[in-house]
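Dumped entry-v3.pdb below, it's PDB, C-alpha atoms:
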ATOM      1  CA  MET A 752    -101.628 -52.390  51.829
ATOM      2  CA  GLN A 753     -99.276 -49.605  50.757
ATOM      3  CA  CYS A 754    -100.223 -46.685  48.517
ATOM      4  CA  HIS A 755     -98.045 -47.904  45.629
ATOM      5  CA  GLU A 756     -99.797 -51.304  45.725
ATOM      6  CA  PHE A 757    -103.120 -49.533  45.716
ATOM      7  CA  GLU A 758    -102.142 -47.507  42.655
ATOM      8  CA  THR A 759    -100.880 -50.562  40.777
ATOM      9  CA  ALA A 760    -104.240 -52.292  40.932
ATOM     10  CA  LEU A 761    -106.380 -49.151  40.751
ATOM     11  CA  VAL A 762    -107.556 -49.666  37.168
ATOM     12  CA  ALA A 763    -108.661 -53.242  37.829
ATOM     13  CA  TRP A 764    -110.345 -52.230  41.077
ATOM     14  CA  VAL A 765    -112.374 -49.448  39.418
ATOM     15  CA  ASP A 766    -113.309 -51.973  36.719
ATOM     16  CA  GLY A 767    -114.582 -54.297  39.467
ATOM     17  CA  GLU A 768    -112.148 -57.016  38.493
ATOM     18  CA  LEU A 769    -110.321 -57.728  41.754
ATOM     19  CA  SER A 770    -110.977 -60.803  43.856
ATOM     20  CA  ALA A 771    -113.134 -60.510  46.968
ATOM     21  CA  ASP A 772    -110.105 -60.586  49.271
ATOM     22  CA  ALA A 773    -108.234 -57.933  47.299
ATOM     23  CA  THR A 774    -111.345 -55.782  47.154
ATOM     24  CA  ARG A 775    -111.669 -55.903  50.965
ATOM     25  CA  ALA A 776    -108.018 -54.914  51.389
ATOM     26  CA  TYR A 777    -108.556 -52.030  48.959
ATOM     27  CA  GLU A 778    -111.588 -50.774  50.799
ATOM     28  CA  VAL A 779    -109.753 -50.867  54.115
ATOM     29  CA  HIS A 780    -106.855 -48.869  52.681
ATOM     30  CA  ALA A 781    -109.099 -46.361  50.896
ATOM     31  CA  ALA A 782    -111.034 -45.727  54.089
ATOM     32  CA  SER A 783    -107.865 -44.560  55.794
ATOM     33  CA  CYS A 784    -106.025 -42.794  52.911
ATOM     34  CA  GLY A 785    -107.350 -39.577  51.429
ATOM     35  CA  ALA A 786    -104.730 -39.510  48.650
ATOM     36  CA  CYS A 787    -105.800 -42.938  47.390
ATOM     37  CA  ARG A 788    -109.473 -41.984  47.598
ATOM     38  CA  ALA A 789    -108.614 -39.036  45.340
ATOM     39  CA  LEU A 790    -106.963 -41.454  42.901
ATOM     40  CA  ILE A 791    -110.176 -43.475  42.748
ATOM     41  CA  ALA A 792    -112.232 -40.390  42.015
ATOM     42  CA  ALA A 793    -109.772 -39.238  39.345
ATOM     43  CA  ARG A 794    -109.767 -42.624  37.627
ATOM     44  CA  ARG A 795    -113.561 -42.751  37.521
ATOM     45  CA  HIS A 796    -113.719 -39.222  36.174
ATOM     46  CA  GLU A 797    -111.098 -40.042  33.560
ATOM     47  CA  ARG A 798    -112.944 -43.187  32.472
ATOM     48  CA  ASP A 799    -116.247 -41.342  32.165
ATOM     49  CA  ARG A 800    -114.677 -38.545  30.090
ATOM     50  CA  TRP A 801    -112.925 -40.939  27.728
ATOM     51  CA  ARG A 802    -116.012 -43.086  27.390
ATOM     52  CA  GLU A 803    -118.118 -40.068  26.549
ATOM     53  CA  ALA A 804    -115.541 -38.678  24.107
ATOM     54  CA  LEU A 805    -115.334 -41.960  22.198
ATOM     55  CA  ARG A 806    -119.079 -42.408  21.893
ATOM     56  CA  ASP A 807    -119.784 -42.624  18.200
ATOM     57  CA  GLU A 808    -123.026 -42.461  16.327
ATOM     58  CA  THR A 809    -123.325 -45.245  13.794
ATOM     59  CA  PRO A 810    -123.797 -43.736  10.332
ATOM     60  CA  THR A 811    -127.521 -43.811   9.649
ATOM     61  CA  ASP A 812    -127.201 -45.394   6.235
ATOM     62  CA  LEU A 813    -124.943 -48.177   7.537
ATOM     63  CA  ARG A 814    -127.716 -49.614   9.699
ATOM     64  CA  ARG A 815    -130.134 -49.548   6.756
ATOM     65  CA  GLU A 816    -127.592 -51.101   4.415
ATOM     66  CA  ILE A 817    -126.938 -53.963   6.797
ATOM     67  CA  LEU A 818    -130.613 -54.707   7.328
ATOM     68  CA  VAL A 819    -131.837 -54.141   3.780
ATOM     69  CA  GLY A 820    -128.828 -55.552   2.037
ATOM     70  CA  ARG A 821    -125.939 -54.117   0.133
ATOM     71  CA  PRO A 822    -122.647 -55.957  -0.259
ATOM     72  CA  SER A 823    -119.654 -54.246   1.254
ATOM     73  CA  ARG A 824    -116.725 -53.309  -0.917
ATOM     74  CA  ALA A 825    -114.563 -55.701   1.040
ATOM     75  CA  THR A 826    -116.987 -58.565   0.424
ATOM     76  CA  LEU A 827    -117.082 -57.914  -3.274
ATOM     77  CA  ARG A 828    -113.345 -57.552  -3.363
ATOM     78  CA  PHE A 829    -112.499 -60.810  -1.693
ATOM     79  CA  HIS A 830    -115.409 -63.216  -2.170
ATOM     80  CA  PRO A 831    -114.384 -65.883  -4.684
ATOM     81  CA  ARG A 832    -117.896 -66.397  -6.024
ATOM     82  CA  ALA A 833    -118.017 -62.757  -7.096
ATOM     83  CA  TRP A 834    -115.045 -63.443  -9.339
ATOM     84  CA  VAL A 835    -116.815 -66.462 -10.840
ATOM     85  CA  TRP A 836    -119.865 -64.374 -11.712
ATOM     86  CA  ALA A 837    -117.689 -61.593 -13.115
ATOM     87  CA  ALA A 838    -115.765 -64.068 -15.289
ATOM     88  CA  ALA A 839    -119.008 -65.634 -16.545
ATOM     89  CA  ALA A 840    -120.391 -62.209 -17.427
ATOM     90  CA  ALA A 841    -117.201 -61.354 -19.312
ATOM     91  CA  VAL A 842    -117.460 -64.581 -21.349
ATOM     92  CA  VAL A 843    -121.073 -63.814 -22.262
ATOM     93  CA  VAL A 844    -120.154 -60.311 -23.418
ATOM     94  CA  VAL A 845    -117.285 -61.603 -25.547
ATOM     95  CA  VAL A 846    -119.501 -64.277 -27.141
ATOM     96  CA  MET A 847    -122.165 -61.691 -27.935
ATOM     97  CA  LEU A 848    -119.578 -59.446 -29.589
ATOM     98  CA  ILE A 849    -118.015 -62.064 -31.833
ATOM     99  CA  ALA A 850    -121.121 -64.149 -32.591
ATOM    100  CA  PRO A 851    -122.294 -62.049 -35.628
ATOM    101  CA  TRP A 852    -119.097 -62.941 -37.482
ATOM    102  CA  PHE A 853    -120.063 -66.607 -37.431
ATOM    103  CA  VAL A 854    -123.801 -66.333 -38.157
ATOM    104  CA  VAL A 855    -124.816 -67.628 -41.692
ATOM    105  CA  ASP A 856    -127.796 -65.891 -43.275
ATOM    106  CA  ARG A 857    -129.769 -68.965 -44.385
ATOM    107  CA  GLY A 858    -132.767 -66.947 -45.631
ATOM    108  CA  ALA A 859    -131.058 -65.461 -48.703
ATOM    109  CA  PRO A 860    -130.923 -67.465 -52.004
ATOM    110  CA  ALA A 861    -127.604 -68.955 -52.903
ATOM    111  CA  GLU A 862    -125.629 -67.048 -55.539
ATOM    112  CA  PRO A 863    -122.380 -67.915 -57.260
ATOM    113  CA  PHE A 864    -120.723 -64.794 -55.927
ATOM    114  CA  SER A 865    -121.884 -63.039 -52.826
ATOM    115  CA  ARG A 866    -119.794 -59.994 -53.626
ATOM    116  CA  PRO A 867    -118.993 -58.185 -56.930
ATOM    117  CA  CYS A 868    -115.853 -59.423 -58.546
ATOM    118  CA  THR A 869    -113.655 -58.618 -61.535
ATOM    119  CA  LEU A 870    -112.482 -61.112 -64.082
ATOM    120  CA  ILE A 871    -108.869 -60.702 -64.996
ATOM    121  CA  ALA A 872    -107.908 -61.675 -68.537
ATOM    122  CA  VAL A 873    -104.707 -63.625 -68.832
ATOM    123  CA  ASP A 874    -102.746 -65.312 -71.573
ATOM    124  CA  VAL A 875    -101.928 -68.968 -71.161
ATOM    125  CA  GLU A 876     -99.192 -70.664 -73.126
ATOM    126  CA  GLU A 877     -97.638 -74.029 -72.904
ATOM    127  CA  ASP A 878     -93.984 -74.267 -72.069
ATOM    128  CA  GLU A 879     -92.536 -77.721 -71.880
ATOM    129  CA  GLY A 880     -95.594 -79.239 -70.278
ATOM    130  CA  ARG A 881     -96.170 -76.502 -67.683
ATOM    131  CA  THR A 882     -99.029 -73.997 -67.882
ATOM    132  CA  LEU A 883     -98.009 -70.376 -67.581
ATOM    133  CA  VAL A 884    -100.607 -67.747 -66.833
ATOM    134  CA  LEU A 885     -99.749 -64.325 -68.210
ATOM    135  CA  PRO A 886    -101.702 -61.111 -67.775
ATOM    136  CA  GLY A 887    -103.224 -59.282 -70.775
ATOM    137  CA  GLY A 888    -105.447 -61.833 -72.572
ATOM    138  CA  LEU A 889    -108.714 -63.811 -72.331
ATOM    139  CA  ILE A 890    -108.955 -67.306 -70.972
TER     140      ILE A 890
ATOM    141  CA  MET B1429    -123.760 -64.970  -0.775
ATOM    142  CA  ALA B1430    -121.473 -62.104  -1.662
ATOM    143  CA  LEU B1431    -123.912 -60.516  -4.057
ATOM    144  CA  GLN B1432    -127.088 -61.128  -2.115
ATOM    145  CA  ALA B1433    -125.600 -59.408   0.965
ATOM    146  CA  ILE B1434    -127.609 -59.540   4.158
ATOM    147  CA  ARG B1435    -131.197 -59.809   3.160
ATOM    148  CA  PRO B1436    -133.425 -60.905   6.009
ATOM    149  CA  HIS B1437    -136.391 -63.095   5.282
ATOM    150  CA  HIS B1438    -139.604 -63.124   7.217
ATOM    151  CA  ASP B1439    -138.800 -65.798   9.732
ATOM    152  CA  ASP B1440    -137.646 -66.063  13.327
ATOM    153  CA  ARG B1441    -134.010 -65.867  12.351
ATOM    154  CA  SER B1442    -134.465 -62.567  10.546
ATOM    155  CA  ASP B1443    -136.121 -61.226  13.686
ATOM    156  CA  ASP B1444    -133.135 -62.470  15.676
ATOM    157  CA  PHE B1445    -130.822 -60.780  13.218
ATOM    158  CA  ALA B1446    -132.716 -57.484  13.390
ATOM    159  CA  ARG B1447    -132.478 -57.605  17.193
ATOM    160  CA  LEU B1448    -128.791 -58.356  16.952
ATOM    161  CA  VAL B1449    -128.228 -55.340  14.700
ATOM    162  CA  GLU B1450    -130.319 -53.135  16.972
ATOM    163  CA  ARG B1451    -128.407 -54.126  20.088
ATOM    164  CA  ASP B1452    -124.864 -54.427  18.823
ATOM    165  CA  LEU B1453    -124.308 -52.344  15.699
ATOM    166  CA  ASP B1454    -123.390 -49.205  17.654
ATOM    167  CA  ARG B1455    -120.904 -51.108  19.806
ATOM    168  CA  VAL B1456    -119.299 -52.914  16.882
ATOM    169  CA  TRP B1457    -119.079 -49.678  14.904
ATOM    170  CA  ARG B1458    -117.425 -47.830  17.805
ATOM    171  CA  PHE B1459    -114.996 -50.671  18.402
ATOM    172  CA  LEU B1460    -113.920 -51.045  14.779
ATOM    173  CA  ARG B1461    -113.733 -47.324  14.118
ATOM    174  CA  SER B1462    -111.470 -46.667  17.089
ATOM    175  CA  LEU B1463    -109.464 -49.850  16.585
ATOM    176  CA  LEU B1464    -108.779 -49.251  12.902
ATOM    177  CA  ARG B1465    -108.783 -45.424  12.919
ATOM    178  CA  ASP B1466    -110.188 -45.444   9.389
ATOM    179  CA  PRO B1467    -113.944 -44.763   9.133
ATOM    180  CA  ASP B1468    -114.307 -46.160   5.625
ATOM    181  CA  LEU B1469    -112.510 -49.369   6.488
ATOM    182  CA  ALA B1470    -114.450 -49.671   9.742
ATOM    183  CA  ARG B1471    -117.645 -49.331   7.786
ATOM    184  CA  ASP B1472    -116.719 -52.141   5.398
ATOM    185  CA  LEU B1473    -115.590 -54.451   8.176
ATOM    186  CA  CYS B1474    -118.699 -53.636  10.203
ATOM    187  CA  HIS B1475    -120.691 -54.791   7.214
ATOM    188  CA  ASP B1476    -118.595 -57.944   6.952
ATOM    189  CA  THR B1477    -118.986 -58.644  10.660
ATOM    190  CA  PHE B1478    -122.757 -58.628  10.443
ATOM    191  CA  LEU B1479    -122.642 -60.651   7.249
ATOM    192  CA  ARG B1480    -120.784 -63.332   9.211
ATOM    193  CA  LEU B1481    -123.167 -63.016  12.141
ATOM    194  CA  HIS B1482    -126.086 -63.418   9.777
ATOM    195  CA  GLU B1483    -124.551 -66.615   8.454
ATOM    196  CA  SER B1484    -123.940 -67.801  12.010
ATOM    197  CA  LEU B1485    -127.563 -67.180  12.882
ATOM    198  CA  ARG B1486    -128.657 -69.068   9.811
ATOM    199  CA  ARG B1487    -126.549 -72.028  10.890
ATOM    200  CA  ASP B1488    -127.820 -71.784  14.469
ATOM    201  CA  GLU B1489    -124.347 -71.044  15.810
ATOM    202  CA  ILE B1490    -125.596 -68.192  17.953
ATOM    203  CA  ARG B1491    -127.954 -69.761  20.445
ATOM    204  CA  GLN B1492    -128.111 -67.070  23.101
ATOM    205  CA  LEU B1493    -129.244 -63.653  21.996
ATOM    206  CA  ASP B1494    -129.880 -62.062  25.340
ATOM    207  CA  ASP B1495    -127.331 -59.782  26.958
ATOM    208  CA  GLY B1496    -125.266 -62.636  28.340
ATOM    209  CA  LEU B1497    -121.607 -63.342  27.841
ATOM    210  CA  PRO B1498    -121.868 -65.732  24.880
ATOM    211  CA  ARG B1499    -123.507 -63.165  22.636
ATOM    212  CA  ALA B1500    -121.197 -60.274  23.525
ATOM    213  CA  ALA B1501    -118.112 -62.421  23.147
ATOM    214  CA  TYR B1502    -119.385 -63.892  19.886
ATOM    215  CA  VAL B1503    -120.212 -60.512  18.347
ATOM    216  CA  PHE B1504    -116.956 -58.828  19.291
ATOM    217  CA  ALA B1505    -114.959 -61.895  18.334
ATOM    218  CA  ALA B1506    -116.554 -61.711  14.876
ATOM    219  CA  ALA B1507    -115.593 -58.039  14.627
ATOM    220  CA  ARG B1508    -112.076 -58.713  15.861
ATOM    221  CA  ASN B1509    -111.661 -61.578  13.391
ATOM    222  CA  ALA B1510    -112.850 -59.384  10.535
ATOM    223  CA  ALA B1511    -110.256 -56.771  11.492
ATOM    224  CA  ALA B1512    -107.529 -59.383  11.884
ATOM    225  CA  SER B1513    -108.353 -60.971   8.517
ATOM    226  CA  HIS B1514    -108.170 -57.599   6.875
ATOM    227  CA  GLY B1515    -104.841 -56.914   8.586
ATOM    228  CA  ARG B1516    -103.382 -60.158   7.284
ATOM    229  CA  ARG B1517    -104.590 -59.443   3.744
ATOM    230  CA  ALA B1518    -103.311 -55.888   3.897
ATOM    231  CA  ARG B1519     -99.900 -57.012   5.111
ATOM    232  CA  ARG B1520     -99.734 -59.559   2.320
ATOM    233  CA  GLN B1521    -100.622 -56.916  -0.201
ATOM    234  CA  ALA B1522     -98.164 -54.528   1.459
ATOM    235  CA  THR B1523    -100.513 -51.630   1.016
ATOM    236  CA  PHE B1524    -101.443 -50.728   4.562
ATOM    237  CA  GLY B1525    -102.135 -52.514   7.822
ATOM    238  CA  LEU B1526    -103.990 -52.000  11.081
ATOM    239  CA  ASP B1527    -101.115 -49.895  12.305
ATOM    240  CA  ALA B1528    -101.044 -47.879   9.156
ATOM    241  CA  SER B1529     -99.220 -44.721   8.343
ATOM    242  CA  ASP B1530     -99.869 -41.474  10.136
ATOM    243  CA  ASP B1531    -101.466 -40.149   6.976
ATOM    244  CA  ILE B1532    -104.359 -42.547   7.344
ATOM    245  CA  ALA B1533    -104.793 -41.789  11.012
ATOM    246  CA  ASP B1534    -104.634 -38.093  10.267
ATOM    247  CA  ALA B1535    -107.335 -38.398   7.635
ATOM    248  CA  GLY B1536    -109.710 -39.944  10.150
ATOM    249  CA  ARG B1537    -108.794 -37.524  12.902
ATOM    250  CA  THR B1538    -109.370 -34.441  10.774
ATOM    251  CA  ASP B1539    -112.914 -35.531  10.109
ATOM    252  CA  LEU B1540    -113.572 -36.515  13.702
ATOM    253  CA  ALA B1541    -112.169 -33.308  15.111
ATOM    254  CA  LEU B1542    -114.957 -31.378  13.481
ATOM    255  CA  VAL B1543    -117.575 -33.612  15.027
ATOM    256  CA  HIS B1544    -116.257 -34.431  18.481
ATOM    257  CA  GLY B1545    -113.937 -31.616  19.366
ATOM    258  CA  GLU B1546    -110.487 -31.357  20.754
ATOM    259  CA  LEU B1547    -110.753 -34.062  23.410
ATOM    260  CA  ARG B1548    -111.848 -36.645  20.901
ATOM    261  CA  LYS B1549    -109.137 -35.642  18.449
ATOM    262  CA  ASP B1550    -106.397 -35.874  21.048
ATOM    263  CA  LEU B1551    -107.749 -39.114  22.452
ATOM    264  CA  ASP B1552    -107.677 -40.567  18.954
ATOM    265  CA  THR B1553    -104.098 -39.395  18.574
ATOM    266  CA  ALA B1554    -103.144 -41.041  21.865
ATOM    267  CA  LEU B1555    -104.993 -44.239  20.931
ATOM    268  CA  ALA B1556    -103.143 -44.351  17.633
ATOM    269  CA  ARG B1557     -99.876 -44.523  19.553
ATOM    270  CA  LEU B1558    -100.952 -47.666  21.370
ATOM    271  CA  ASP B1559    -100.246 -50.939  19.674
ATOM    272  CA  GLU B1560    -103.286 -52.783  18.417
ATOM    273  CA  ASP B1561    -103.306 -55.402  21.207
ATOM    274  CA  HIS B1562    -103.480 -52.773  23.940
ATOM    275  CA  ARG B1563    -105.947 -50.676  21.967
ATOM    276  CA  ALA B1564    -108.347 -53.596  21.539
ATOM    277  CA  VAL B1565    -108.296 -54.389  25.265
ATOM    278  CA  PHE B1566    -108.762 -50.743  26.187
ATOM    279  CA  LEU B1567    -111.716 -50.254  23.839
ATOM    280  CA  LEU B1568    -113.504 -53.433  24.853
ATOM    281  CA  SER B1569    -113.070 -52.714  28.553
ATOM    282  CA  GLU B1570    -113.152 -48.943  28.943
ATOM    283  CA  ILE B1571    -115.631 -48.054  26.227
ATOM    284  CA  GLU B1572    -117.779 -51.166  25.789
ATOM    285  CA  GLY B1573    -117.666 -52.265  29.413
ATOM    286  CA  LEU B1574    -116.870 -55.933  28.801
ATOM    287  CA  ARG B1575    -115.555 -57.953  31.737
ATOM    288  CA  TYR B1576    -111.947 -59.110  31.608
ATOM    289  CA  GLU B1577    -113.118 -62.718  31.204
ATOM    290  CA  GLU B1578    -115.212 -61.749  28.200
ATOM    291  CA  ILE B1579    -112.324 -59.860  26.629
ATOM    292  CA  ALA B1580    -110.060 -62.832  27.225
ATOM    293  CA  GLU B1581    -112.541 -64.951  25.293
ATOM    294  CA  VAL B1582    -112.858 -62.439  22.455
ATOM    295  CA  LEU B1583    -109.107 -62.005  22.018
ATOM    296  CA  ASP B1584    -108.153 -65.541  23.001
ATOM    297  CA  ILE B1585    -105.675 -64.460  25.671
ATOM    298  CA  PRO B1586    -105.504 -65.090  29.453
ATOM    299  CA  ALA B1587    -107.532 -62.815  31.722
ATOM    300  CA  GLY B1588    -104.322 -61.806  33.500
ATOM    301  CA  THR B1589    -102.959 -60.513  30.205
ATOM    302  CA  VAL B1590    -106.133 -58.493  29.749
ATOM    303  CA  ALA B1591    -105.630 -56.866  33.174
ATOM    304  CA  SER B1592    -102.016 -56.096  32.412
ATOM    305  CA  ARG B1593    -102.761 -54.612  28.992
ATOM    306  CA  LYS B1594    -105.608 -52.530  30.368
ATOM    307  CA  HIS B1595    -103.386 -51.128  33.113
ATOM    308  CA  HIS B1596    -100.590 -50.208  30.723
ATOM    309  CA  ALA B1597    -102.982 -48.788  28.139
ATOM    310  CA  VAL B1598    -104.517 -46.468  30.720
ATOM    311  CA  GLN B1599    -101.098 -45.378  31.981
ATOM    312  CA  ARG B1600     -99.869 -44.642  28.466
ATOM    313  CA  LEU B1601    -103.033 -42.812  27.437
ATOM    314  CA  ARG B1602    -103.039 -40.748  30.614
ATOM    315  CA  ARG B1603     -99.442 -39.696  30.040
ATOM    316  CA  ASP B1604    -100.094 -38.725  26.422
ATOM    317  CA  MET B1605    -103.311 -36.907  27.272
ATOM    318  CA  GLU B1606    -101.565 -34.938  29.996
ATOM    319  CA  ARG B1607     -98.906 -33.868  27.493
ATOM    320  CA  MET B1608    -101.695 -32.622  25.240
ATOM    321  CA  GLY B1609    -103.213 -30.592  28.046
ATOM    322  CA  HIS B1610    -105.946 -32.973  29.158
ATOM    323  CA  ALA B1611    -104.835 -33.701  32.697
ATOM    324  CA  VAL B1612    -107.508 -35.193  34.932
ATOM    325  CA  SER B1613    -108.224 -32.775  37.724
TER     326      SER B1613
END

Since I need it in another form, could you write the structure as structure tokens?
Amino acid sequence: MQCHEFETALVAWVDGELSADATRAYEVHAASCGACRALIAARRHERDRWREALRDETPTDLRREILVGRPSRATLRFHPRAWVWAAAAAVVVVVMLIAPWFVVDRGAPAEPFSRPCTLIAVDVEEDEGRTLVLPGGLI
Amino acid sequence: MALQAIRPHHDDRSDDFARLVERDLDRVWRFLRSLLRDPDLARDLCHDTFLRLHESLRRDEIRQLDDGLPRAAYVFAAARNAAASHGRRARRQATFGLDASDDIADAGRTDLALVHGELRKDLDTALARLDEDHRAVFLLSEIEGLRYEEIAEVLDIPAGTVASRKHHAVQRLRRDMERMGHAVS
């Protein structure tokens, strides 16, 4: 094995992903090549540094939310059933708002006029069979 | 299901789900946060991932909850699918995608820099320059320690492609990190 071949498969070798035969060839080369042994050490060091740097703590409230239950914004945004419930709620609100306009108060006694009104006096005179209604007189 | 969220009941499956969260939430969070480079989005998709896993448990689709390959592949595949679904929706809506603008990446990096320091900030910058396919392979292998076969299953690609992407991702990251003054001694 040549050094450039060693370097090409270095990442996979450090990851333990080479076949048994390739691994043996690697070990033979590494035993006799100080430069390639240094590459192995550098790659392991690099991997450990990157792994450590990218370690992230899960937000504490996220774990609780997942276990206890709170819908994510994405779920609410895209789940079709959420839209159904929202539409149903909107219909209920609209019905509640307009319902009083259609409710008849059946408890009150019937009266000829439910609101005050003004009688307008008019004059009526016959004109060739048609009835004309003119303002200014009593019916 | 959307409004009831993930609400475990007192049965064996809720115990399974609690164990699943305990074992895998940190890994899924790390993966999605670094893959998407947007903490708020990662948080939402993390939630969605476990919502799907909860449903899978309820339907007995996850049968092996030990540390074996099926569970790891299943969990990360769920996370990857959640991210991919979001990416498709975002592209349709033409708002932003997985490879979003630098403004979004910068917003996440500014916050992270305060917490994790210069190395983390620069590593995030270098990761942002990788395309999503290489970034996913790198994160699953380098950070989460999955085998190439497992990653191939998660991403539905050949194991040889995983090896190739990992190699190129490391080369590219190393070059960028060296330019930012983080040469490996």

Given the PyMOL selection byres ((chain B and resi 1547) around 9), the residues it picks as a PDB file with C-alpha atoms, in the coordinates of the input:
ATOM      1  CA  ARG A 800    -114.677 -38.545  30.090  1.00  0.00           C
ATOM      2  CA  TRP A 801    -112.925 -40.939  27.728  1.00  0.00           C
ATOM      3  CA  ALA A 804    -115.541 -38.678  24.107  1.00  0.00           C
TER       4      ALA A 804
ATOM      5  CA  ALA B1541    -112.169 -33.308  15.111  1.00  0.00           C
ATOM      6  CA  HIS B1544    -116.257 -34.431  18.481  1.00  0.00           C
ATOM      7  CA  GLY B1545    -113.937 -31.616  19.366  1.00  0.00           C
ATOM      8  CA  GLU B1546    -110.487 -31.357  20.754  1.00  0.00           C
ATOM      9  CA  ARG B1548    -111.848 -36.645  20.901  1.00  0.00           C
ATOM     10  CA  LYS B1549    -109.137 -35.642  18.449  1.00  0.00           C
ATOM     11  CA  ASP B1550    -106.397 -35.874  21.048  1.00  0.00           C
ATOM     12  CA  LEU B1551    -107.749 -39.114  22.452  1.00  0.00           C
ATOM     13  CA  ASP B1552    -107.677 -40.567  18.954  1.00  0.00           C
ATOM     14  CA  MET B1605    -103.311 -36.907  27.272  1.00  0.00           C
ATOM     15  CA  HIS B1610    -105.946 -32.973  29.158  1.00  0.00           C
TER      16      HIS B1610
END

Go through chain B residue by residue and, counting only C-alpha atoms, keep those with an atom at most 9 Å from chain A; for each kept residue give the shortest atom pair and its distance in Å to one decimal, ordered by chain and increasing number, as a tab-separated table.
residue	atom	partner	partner_atom	distance
B:Met1429	CA	A:Arg832	CA	8.0
B:Ala1430	CA	A:Thr826	CA	6.1
B:Leu1431	CA	A:Pro822	CA	6.1
B:Gln1432	CA	A:Pro822	CA	7.1
B:Ala1433	CA	A:Pro822	CA	4.7
B:Ile1434	CA	A:Gly820	CA	4.7
B:Arg1435	CA	A:Gly820	CA	5.0
B:Pro1436	CA	A:Leu818	CA	6.9
B:Phe1445	CA	A:Leu818	CA	8.5
B:Ala1446	CA	A:Leu818	CA	7.0
B:Val1449	CA	A:Arg814	CA	7.6
B:Glu1450	CA	A:Arg814	CA	8.5
B:Leu1453	CA	A:Thr809	CA	7.4
B:Asp1454	CA	A:Thr809	CA	5.5
B:Arg1455	CA	A:Asp807	CA	8.7
B:Trp1457	CA	A:Thr809	CA	6.2
B:Arg1458	CA	A:Asp807	CA	5.7
B:Arg1461	CA	A:Asp807	CA	8.7
B:Ser1462	CA	A:Leu805	CA	7.9
B:Leu1469	CA	A:Ala825	CA	8.6
B:Arg1471	CA	A:Leu813	CA	7.4
B:Asp1472	CA	A:Ser823	CA	5.5
B:Leu1473	CA	A:Ala825	CA	7.3
B:Cys1474	CA	A:Leu813	CA	8.7
B:His1475	CA	A:Ser823	CA	6.1
B:Asp1476	CA	A:Thr826	CA	6.8
B:Phe1478	CA	A:Ile817	CA	7.2
B:Leu1479	CA	A:Ile817	CA	8.0
B:His1514	CA	A:Ala825	CA	8.9
B:His1544	CA	A:Ala804	CA	7.1
B:Gly1545	CA	A:Ala804	CA	8.7
B:Leu1547	CA	A:Ala804	CA	6.7
B:Arg1548	CA	A:Ala804	CA	5.3
B:Leu1551	CA	A:Trp801	CA	7.6
B:Asp1552	CA	A:Leu805	CA	8.4
B:Ser1569	CA	A:Asp766	CA	8.2
B:Glu1570	CA	A:Arg802	CA	6.7
B:Ile1571	CA	A:Arg802	CA	5.1
B:Glu1572	CA	A:Arg802	CA	8.4
B:Gly1573	CA	A:Asp766	CA	8.5
B:Arg1575	CA	A:Glu768	CA	7.6
B:Tyr1576	CA	A:Glu768	CA	7.2
B:Ala1591	CA	A:Ala763	CA	6.6
B:Lys1594	CA	A:Val762	CA	7.6
B:His1595	CA	A:Val762	CA	6.0
B:Val1598	CA	A:Val762	CA	7.8
B:Arg1602	CA	A:Glu797	CA	8.6
B:Ala1611	CA	A:Glu797	CA	9.0
B:Val1612	CA	A:Glu797	CA	6.2
B:Ser1613	CA	A:Ala793	CA	6.8

Which of B:His1562, B:Arg1508, B:Arg1557, B:Arg1607 sits closest to Val1456 of chain B [using all atoms listed in the file]: B:Arg1508

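Proximity of B:Leu1558, B:Asp1584, B:His1596, B:Leu1574 to Leu1463 of chain B, computed with all atoms listed in the file, is greatest for B:Leu1558.
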
Closest to Ser1442 of chain B among B:Ala1505, B:Leu1481, B:Met1608, B:Leu1567, using all atoms listed in the file? B:Leu1481

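Neighbours of Glu1578 of chain B closer than or equal to 10 Å, with all atoms listed in the file counted and sequence neighbours fewer than 6 positions away skipped, come out as Leu1497, Pro1498, Ala1500, Ala1501, Tyr1502, Phe1504, Ala1505, Leu1568, Ser1569, Asp1584, Ala1587 and Val1590 of chain B.
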
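Counting all atoms listed in the file and comparing B:Asp1466, B:Ile1585, B:Arg1499, B:Leu1485, the residue that lies closest to Asp1452 of chain B is B:Arg1499.
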
For Arg1593 of chain B: contacts at 10 Å, all atoms listed in the file, fewer than 6 positions along chain excluded, given as a PDB file with C-alpha atoms, keeping the file's coordinate frame:
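selection-v4.pdb written:
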ATOM      1  CA  ASP B1561    -103.306 -55.402  21.207  1.00  0.00           C
ATOM      2  CA  HIS B1562    -103.480 -52.773  23.940  1.00  0.00           C
ATOM      3  CA  ARG B1563    -105.947 -50.676  21.967  1.00  0.00           C
ATOM      4  CA  ALA B1564    -108.347 -53.596  21.539  1.00  0.00           C
ATOM      5  CA  VAL B1565    -108.296 -54.389  25.265  1.00  0.00           C
ATOM      6  CA  PHE B1566    -108.762 -50.743  26.187  1.00  0.00           C
ATOM      7  CA  ALA B1587    -107.532 -62.815  31.722  1.00  0.00           C
ATOM      8  CA  GLN B1599    -101.098 -45.378  31.981  1.00  0.00           C
TER       9      GLN B1599
END

Two-atom distance - atom CA of Arg1603 of chain B, atom CA of Leu790 of chain A (Å): 15.0 Å

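Across the structure, atom CA of Ile791 of chain A and atom CA of Phe757 of chain A are spaced 9.8 Å apart.
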
I need the residue set behind the PyMOL selection byres ((chain A and resi 781) around 12) for this file; please write it as JSON, numbers by chain. {"A": [752, 753, 754, 756, 757, 758, 761, 764, 774, 775, 776, 777, 778, 779, 780, 782, 783, 784, 785, 786, 787, 788, 789, 790, 791, 792]}

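Rounded to one decimal, atom CA of Thr1477 of chain B and atom CA of Val1503 of chain B lie 8.0 Å from each other.
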